[in-house]
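Report on the structure given below.
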Amino acid sequence: MTRWIYAVMTSVVMAGASATAQWPIIPDPTVPRTADGKINYDAPTPRTPDGHPDLSGIWMRAESGPPRTGRGGGGGQPGRVLTDVPVERFPYDPNGPPVATFNNAGANMEGGLPFTQWAKDIRKARMDNFTKDNPDSNCLPLGFLEYFLQPQPRQIMYVDRPIKRILFQFEANYGLWPIYMDGRKLPPQGEPQPWWYGYSVGHWEGDDLVVESNNLRGAEDSPYDGWLDIDGSPYSNQATFVHHIRRPTFGHLQIEETVTDPKAYTRTFTVRVDQRLLPDQEMMEHICNENNQFGRRIELAK
């Protein structure tokens, strides 16, 4: 199997190491298939022994928004993703939350993101500076939406010992996001040291995994912190995220992100991203810092 992933304005295209990988295809015997041996992406959702949807697997972002209307507009910004796994669109739901895009989380939101003046000023400064402090291009951990919309995949894994957790491993910048599933409560905002991924606890509400995250590093903390999207929409260290993660079919993962941040946004808002399963495949090793050329190219572009 060969997988090429082209990411625009990210460290993927700036790194000197090859962006291709050769891996043997090892069919997973648990994957549902049609009579002619093709993967049945519309098969029923698999479930864990306790009856909850099984979210595990390797996932790639998928198209689900309205047609594009320009930079960052519509469609979920699939970038140029060439793979032997289907990447066709999921049906667009005009009555659901607006679909976020990699460049602009509010591209499909009427009126755009509800910035405060503080957030408007930060976003403008980032754009005026060619978004050179974007953490993705500087090989640093990304914001949640950046990770979910990256054209590199992510893997969901379950860990039972010593602490019950669900782990998201992001191929982009080798990110790892732990979600505690042992019944603990979310700590008060400002109590623990803020982290790149914040502090996250999860629980099930029906077939939805609901994850609450707080105590994140925000745009006040450094130029690289608090990036909601590639265009520099910020979040502060007061931000909280609620992630509703569901798997409506075998091959479809849907994530709704609700952002509350009174310093950066005038109201709470929700956006959606969709993911398509990549069965029979493996994650690549992506060491972003290896010959990263992003900074040099930005200087040449000025």
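In the structure tokens, each chain is lettered A, B, ... as it comes, each chain's residues begin at 1, and ligands are numbered from 1 in order of appearance.
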Do you know which residues are at most 10 Å from Asp28 of chain A counting only C-alpha atoms, after dropping those on the same chain fewer than 4 positions away, and could you put them as a PDB file with C-alpha atoms, in the first residue's frame?
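The result, written out as out14.pdb:
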```pdb
ATOM      1  CA  PRO A  32     -17.286  -6.342   7.486  1.00  0.00           C
ATOM      2  CA  PRO A 279      -9.198  -0.041   7.651  1.00  0.00           C
ATOM      3  CA  ASP A 280      -6.319  -2.413   6.887  1.00  0.00           C
ATOM      4  CA  GLN A 281      -3.817   0.450   7.166  1.00  0.00           C
TER       5      GLN A 281
END
```
Exercise. Just list the residues in segment 51-271 of chain A DSSP gives strand (DSSP E) on the backbone, as a ChimeraX atom specification.
Key: /A:57-62,80-82,154-159,165-170,175-180,199-205,208-214,240-249,252-260,269-271
Quiz prompt | For segment 147-149 of chain A: contacts at 8 Å, only C-alpha atoms, fewer than 2 positions along chain excluded, given as a ChimeraX atom specification | solution = /A:61,76-77,101-102,142-145,151,154,170,172,273
Quiz item: What lies within 8 Å of Asn237 of chain A using only C-alpha atoms, ignoring chain neighbours under 4 positions off, as a list in words?
Solution: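 Non-adjacent residues within range: Pro194, Asn215, Leu216, Arg217, Gly218, Ala219, Glu220, Asp221 and Gly226 of chain A.
Nearest to Lys124 of chain A of all the residues A:Asn95, A:Ser233, A:Asn291, A:Thr268 is A:Ser233, counting only C-alpha atoms.
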Exercise. Find, counting only C-alpha atoms, the residue in A:Asn40, A:Gln150, A:Thr240, A:Asn173 that gets nearest to Pro188 of chain A.
Key: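 Between A:Asn40, A:Gln150, A:Thr240, A:Asn173, the residue approaching Pro188 of chain A most closely is A:Thr240.
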